[in-house]
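Enquirer: Just passing along the structure, written as structure tokens.
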Amino acid sequence: MGLLVFVRNLLLALCLLLVLGFLYYSAWKLHLLQWEDSEYDRLGFLLKLDSKLFSKPAPMFLDDSFRKWARIREFVPPFGIKGQDNLIKAILSVTKEYRLTPALDSLHCRRCIIVGNGGVLANKSLGSRIDDYDIVVRLNSAPVKGFERDVGSKTTLRITYPEGAMQRPEQYERDSLFVLAGFKWQDFKWLKYIVYKERVPLPSKAKCRQCQVDSKQERRQKSGSEAQSASDGFWKSVATRVPKEPPEIRILNPYFIQEAAFTLIGLPFNNGLMGRGNIPTLGSVAVTMALHGCDEVAVAGFGYDMNTPNAPLHYYETVRMAAIQESWTHNIQREKEFLRKLVKARVITDLSSGI
């Protein structure tokens, strides 16, 4: 009798093990299937958006292997690096740093917030909540001093391009990284002057006026090999000095501009060239970067409400919403739809409720 009970219990245990093994095997196969259904190139760049966003992230910044990155080497700026090899190599040979800080890289859960420049930030007293994030990303020349109560005092990354960079050295935060978003080949040439602490050639007043006229007209993207001065192609004056040492300077991976434009927002491809309405704003580019490199993403200061023309456009000035005009390069409505989808799906959190 005891032997029969023992055999029966043994058979039950074996059956239970077989069931558990089958369930484990099925879950493992399903996991593999999910990875196989997601299309990535051999360097981990997203090729197809699936329900599991950015499982294999692209690197935030260009490093000395940039020429091997298939997803950007075939496109000219702003969507890639074609024609920029020598400039980028020269810059990276001096900066020598390609990641965040060691402390941030070691975090198991990285919480990031992108602080936009919208007037919706004014009088929200979000400063302490913003400063609570591990990485605080600010855009262009948006000031911090004097606005700490609403926008916080912490800056980890300041992402900008030449025309958007702060022009007074004293405005820069001491403990932040300066990150270039290269929208045209002249931007990389400008950064080379900055990194090497060389004099930035300044355009004449007549040339500045012509740059502003040209920026409003659709024109062919220029090749990086064209021999023109660094001042050509800028639509307004640019900073001549950035008070950062080379190791504090980074180049944003242009893949995020490409992915934001064509994969996420759905802007016109235009043969991979800059064209009318196919350049994402820096805010959407920064959000895309954060979705790759952060475990939790929030935004604040995003969203323009055209139904309130007297509302402040930016938190730091008195210009009103009515001043916004149709942009040649951006599609604000499509970007707003993209951001709303992310908020609705709880992929990102909107602290200032502007989206």
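Chains: A, B, ... in order of the structure tokens. Residues: from 1 per chain. Ligands: from 1, in order shown.
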Give me, as a Markdown table, the closest atom pair and its distance (Å, one decimal) for every residue of region 228-290 of chain A within a cut-off of 12 Å of region 156-159 of chain A, counting only C-alpha atoms, rows sorted by chain and rising number.

Expert:
```
| residue | atom | partner | partner_atom | distance |
| --- | --- | --- | --- | --- |
| A:Val242 | CA | A:Arg158 | CA | 11.8 |
| A:Lys244 | CA | A:Arg158 | CA | 11.7 |
| A:Glu248 | CA | A:Leu157 | CA | 9.8 |
| A:Ile249 | CA | A:Leu157 | CA | 9.7 |
| A:Arg250 | CA | A:Ile159 | CA | 9.2 |
| A:Ile251 | CA | A:Ile159 | CA | 9.2 |
| A:Leu252 | CA | A:Ile159 | CA | 8.0 |
| A:Asn253 | CA | A:Ile159 | CA | 11.5 |
| A:Thr281 | CA | A:Ile159 | CA | 11.7 |
| A:Leu282 | CA | A:Ile159 | CA | 8.0 |
| A:Gly283 | CA | A:Ile159 | CA | 9.3 |
| A:Ser284 | CA | A:Ile159 | CA | 11.8 |
| A:Val285 | CA | A:Ile159 | CA | 9.8 |
| A:Ala286 | CA | A:Ile159 | CA | 7.9 |
| A:Val287 | CA | A:Ile159 | CA | 11.5 |
| A:Met289 | CA | A:Ile159 | CA | 11.0 |
| A:Ala290 | CA | A:Leu157 | CA | 11.3 |
```

Enquirer: Can I get the selected residues back with C-alpha atoms, as a CSV table (one decimal), in the first residue's frame?

Expert:
```csv
chain,number,residue,atom,x,y,z
A,242,VAL,CA,30.9,78.1,-24.9
A,244,LYS,CA,32.8,74.2,-21.3
A,248,GLU,CA,31.9,68.4,-21.1
A,249,ILE,CA,30.8,68.5,-24.7
A,250,ARG,CA,28.8,65.9,-26.6
A,251,ILE,CA,27.3,65.4,-30.1
A,252,LEU,CA,23.7,64.1,-30.0
A,253,ASN,CA,23.2,61.0,-32.0
A,281,THR,CA,11.4,70.3,-32.9
A,282,LEU,CA,14.3,69.9,-30.5
A,283,GLY,CA,11.8,69.0,-27.8
A,284,SER,CA,10.5,66.0,-29.7
A,285,VAL,CA,14.0,65.0,-30.5
A,286,ALA,CA,15.0,65.1,-26.8
A,287,VAL,CA,11.9,63.0,-25.9
A,289,MET,CA,16.5,60.4,-27.0
A,290,ALA,CA,15.1,59.9,-23.5
```

Enquirer: Show which residues sit within 7 Å of Tyr98 (chain A), as number ranges by chain. Count only C-alpha atoms, and ignore same-chain residues fewer than 4 positions away.

Expert: A: 61-63, 250

Enquirer: Can you write out as a Markdown table which residues of region 110-200 of chain A fall within 8 Å of region 294-317 of chain A, alongside each residue's closest atom pair and its distance in Å to one decimal, counting only C-alpha atoms and ordering rows by chain and ascending residue number?

Expert:
```
| residue | atom | partner | partner_atom | distance |
| --- | --- | --- | --- | --- |
| A:Arg110 | CA | A:Cys294 | CA | 5.1 |
| A:Arg111 | CA | A:Glu296 | CA | 4.7 |
| A:Cys112 | CA | A:Val297 | CA | 5.0 |
| A:Ile113 | CA | A:Ala298 | CA | 4.5 |
| A:Ile114 | CA | A:Val299 | CA | 4.7 |
| A:Val115 | CA | A:Ala300 | CA | 5.0 |
| A:Gly116 | CA | A:Gly301 | CA | 4.3 |
| A:Asn117 | CA | A:His314 | CA | 5.5 |
| A:Gly118 | CA | A:His314 | CA | 4.4 |
| A:Gly119 | CA | A:Tyr315 | CA | 4.0 |
| A:Val120 | CA | A:Gly301 | CA | 5.6 |
| A:Leu121 | CA | A:Gly301 | CA | 5.0 |
| A:Ala122 | CA | A:Tyr315 | CA | 5.2 |
| A:Ala142 | CA | A:Tyr316 | CA | 7.5 |
| A:Pro143 | CA | A:Tyr316 | CA | 7.2 |
| A:Phe147 | CA | A:Tyr316 | CA | 7.7 |
```

Enquirer: Only all heavy atoms, please: the residues just picked out, written as a tab-separated table (two decimals), in the first residue's frame.

Expert:
```tsv
chain	number	residue	atom	x	y	z
A	110	ARG	N	16.92	54.91	-14.34
A	110	ARG	CA	17.26	56.29	-14.69
A	110	ARG	C	15.99	57.08	-14.97
A	110	ARG	O	15.26	56.79	-15.90
A	110	ARG	CB	18.18	56.28	-15.90
A	110	ARG	CG	18.89	57.57	-16.18
A	110	ARG	CD	19.73	57.46	-17.43
A	110	ARG	NE	20.85	56.54	-17.27
A	110	ARG	CZ	21.57	56.07	-18.29
A	110	ARG	NH1	21.26	56.40	-19.52
A	110	ARG	NH2	22.59	55.26	-18.07
A	111	ARG	N	15.72	58.11	-14.15
A	111	ARG	CA	14.53	58.93	-14.29
A	111	ARG	C	14.91	60.26	-14.96
A	111	ARG	O	15.78	60.98	-14.47
A	111	ARG	CB	13.89	59.19	-12.92
A	111	ARG	CG	13.48	57.94	-12.19
A	111	ARG	CD	12.99	58.22	-10.79
A	111	ARG	NE	11.77	59.02	-10.78
A	111	ARG	CZ	11.69	60.26	-10.34
A	111	ARG	NH1	12.78	60.89	-9.88
A	111	ARG	NH2	10.54	60.92	-10.36
A	112	CYS	N	14.26	60.56	-16.07
A	112	CYS	CA	14.63	61.73	-16.86
A	112	CYS	C	13.43	62.65	-17.09
A	112	CYS	O	12.29	62.17	-17.22
A	112	CYS	CB	15.18	61.31	-18.23
A	112	CYS	SG	16.55	60.15	-18.14
A	113	ILE	N	13.70	63.94	-17.17
A	113	ILE	CA	12.66	64.90	-17.52
A	113	ILE	C	13.20	65.87	-18.57
A	113	ILE	O	14.34	66.33	-18.47
A	113	ILE	CB	12.15	65.67	-16.28
A	113	ILE	CG1	10.98	66.58	-16.68
A	113	ILE	CG2	13.26	66.45	-15.59
A	113	ILE	CD1	10.19	67.13	-15.51
A	114	ILE	N	12.39	66.14	-19.58
A	114	ILE	CA	12.71	67.12	-20.61
A	114	ILE	C	11.93	68.39	-20.27
A	114	ILE	O	10.70	68.37	-20.21
A	114	ILE	CB	12.31	66.65	-22.02
A	114	ILE	CG1	12.70	65.17	-22.23
A	114	ILE	CG2	12.91	67.55	-23.08
A	114	ILE	CD1	14.14	64.88	-22.10
A	115	VAL	N	12.64	69.47	-20.02
A	115	VAL	CA	11.99	70.73	-19.65
A	115	VAL	C	11.89	71.60	-20.90
A	115	VAL	O	12.90	72.08	-21.42
A	115	VAL	CB	12.78	71.46	-18.55
A	115	VAL	CG1	12.03	72.73	-18.14
A	115	VAL	CG2	12.98	70.55	-17.34
A	116	GLY	N	10.67	71.77	-21.39
A	116	GLY	CA	10.44	72.64	-22.53
A	116	GLY	C	10.42	74.10	-22.10
A	116	GLY	O	10.54	74.43	-20.91
A	117	ASN	N	10.24	74.97	-23.07
A	117	ASN	CA	10.32	76.41	-22.80
A	117	ASN	C	8.96	77.09	-22.77
A	117	ASN	O	8.88	78.32	-22.71
A	117	ASN	CB	11.19	77.08	-23.87
A	117	ASN	CG	12.58	76.46	-23.96
A	117	ASN	OD1	13.02	75.79	-23.04
A	117	ASN	ND2	13.25	76.68	-25.07
A	118	GLY	N	7.89	76.31	-22.80
A	118	GLY	CA	6.55	76.87	-22.92
A	118	GLY	C	6.09	77.70	-21.74
A	118	GLY	O	6.47	77.45	-20.58
A	119	GLY	N	5.24	78.68	-22.04
A	119	GLY	CA	4.67	79.53	-21.00
A	119	GLY	C	3.81	78.78	-20.02
A	119	GLY	O	3.52	79.28	-18.93
A	120	VAL	N	3.41	77.55	-20.36
A	120	VAL	CA	2.59	76.74	-19.47
A	120	VAL	C	3.34	76.44	-18.16
A	120	VAL	O	2.72	76.09	-17.15
A	120	VAL	CB	2.18	75.43	-20.18
A	120	VAL	CG1	3.38	74.54	-20.42
A	120	VAL	CG2	1.10	74.69	-19.40
A	121	LEU	N	4.65	76.60	-18.15
A	121	LEU	CA	5.44	76.36	-16.93
A	121	LEU	C	5.29	77.48	-15.91
A	121	LEU	O	5.52	77.26	-14.71
A	121	LEU	CB	6.92	76.24	-17.29
A	121	LEU	CG	7.49	74.83	-17.51
A	121	LEU	CD1	8.95	74.92	-17.90
A	121	LEU	CD2	7.33	73.98	-16.26
A	122	ALA	N	4.92	78.66	-16.36
A	122	ALA	CA	4.86	79.82	-15.47
A	122	ALA	C	3.85	79.61	-14.34
A	122	ALA	O	2.73	79.14	-14.56
A	122	ALA	CB	4.51	81.07	-16.27
A	142	ALA	N	17.03	78.57	-22.89
A	142	ALA	CA	16.04	78.80	-21.83
A	142	ALA	C	16.74	79.03	-20.49
A	142	ALA	O	17.50	78.17	-20.03
A	142	ALA	CB	15.10	77.61	-21.72
A	143	PRO	N	16.49	80.16	-19.84
A	143	PRO	CA	17.21	80.48	-18.61
A	143	PRO	C	16.68	79.72	-17.40
A	143	PRO	O	15.54	79.26	-17.38
A	143	PRO	CB	16.95	81.99	-18.45
A	143	PRO	CG	15.62	82.19	-19.11
A	143	PRO	CD	15.58	81.23	-20.26
A	147	PHE	N	14.14	81.80	-12.29
A	147	PHE	CA	12.91	81.05	-12.56
A	147	PHE	C	12.90	79.71	-11.84
A	147	PHE	O	12.12	78.82	-12.18
A	147	PHE	CB	12.76	80.82	-14.07
A	147	PHE	CG	12.72	82.09	-14.88
A	147	PHE	CD1	13.88	82.61	-15.42
A	147	PHE	CD2	11.53	82.77	-15.08
A	147	PHE	CE1	13.87	83.78	-16.17
A	147	PHE	CE2	11.49	83.94	-15.83
A	147	PHE	CZ	12.66	84.46	-16.37
```

Enquirer: From a DSSP calculation on the backbone, collect every residue of region 109-320 of chain A in alpha helix (DSSP H) and output the set as a PyMOL selection string.

Expert: chain A and resi 127-131+148-151+185-195+205-214+255-258+282-293

Enquirer: I need the residue nearest Glu163 (chain A) from this list: A:Gly233, A:Pro59, A:Gly146, A:Gly272. Use only C-alpha atoms for the distance.

Expert: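 Checking each of A:Gly233, A:Pro59, A:Gly146, A:Gly272 against Glu163 (chain A), counting only C-alpha atoms, the winner is A:Gly233.
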
Enquirer: Could the residues of region 145-175 of chain A that have an atom at most 12 Å from region 185-189 of chain A be listed as a Markdown table, each with its closest atom pair and the distance in Å to one decimal, counting only C-alpha atoms and ordered by chain and ascending residue number?

Expert:
```
| residue | atom | partner | partner_atom | distance |
| --- | --- | --- | --- | --- |
| A:Thr160 | CA | A:Asp187 | CA | 10.2 |
| A:Tyr161 | CA | A:Asp187 | CA | 6.8 |
| A:Pro162 | CA | A:Asp187 | CA | 6.2 |
| A:Glu163 | CA | A:Asp187 | CA | 9.1 |
| A:Gly164 | CA | A:Asp187 | CA | 11.1 |
| A:Ala165 | CA | A:Asp187 | CA | 11.2 |
```

Enquirer: When DSSP is applied to the backbone of this structure, which of region 66-127 of chain A are assigned strand (DSSP E or B)? Write them out as a list in words.

Expert: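 Strand (DSSP E or B) assignments inside region 66-127 of chain A correspond to Arg111, Cys112, Ile113, Ile114, Val115 and Gly118 of chain A.
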
Enquirer: Using CA of Ala261 (chain A) and CA of Ala323 (chain A) as the two end points, give the distance in Å to one decimal.

Expert: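 Separation of CA of Ala261 (chain A) and CA of Ala323 (chain A): 24.9 Å.
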
Enquirer: Please provide as a list of chain:residue names all residues within 6 Å of His330 (chain A), with the sequence filter that same-chain residues fewer than 6 positions apart are discarded (counting only C-alpha atoms).

Expert: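 Selected residues are A:Gly277, A:Ile279, A:Pro280.
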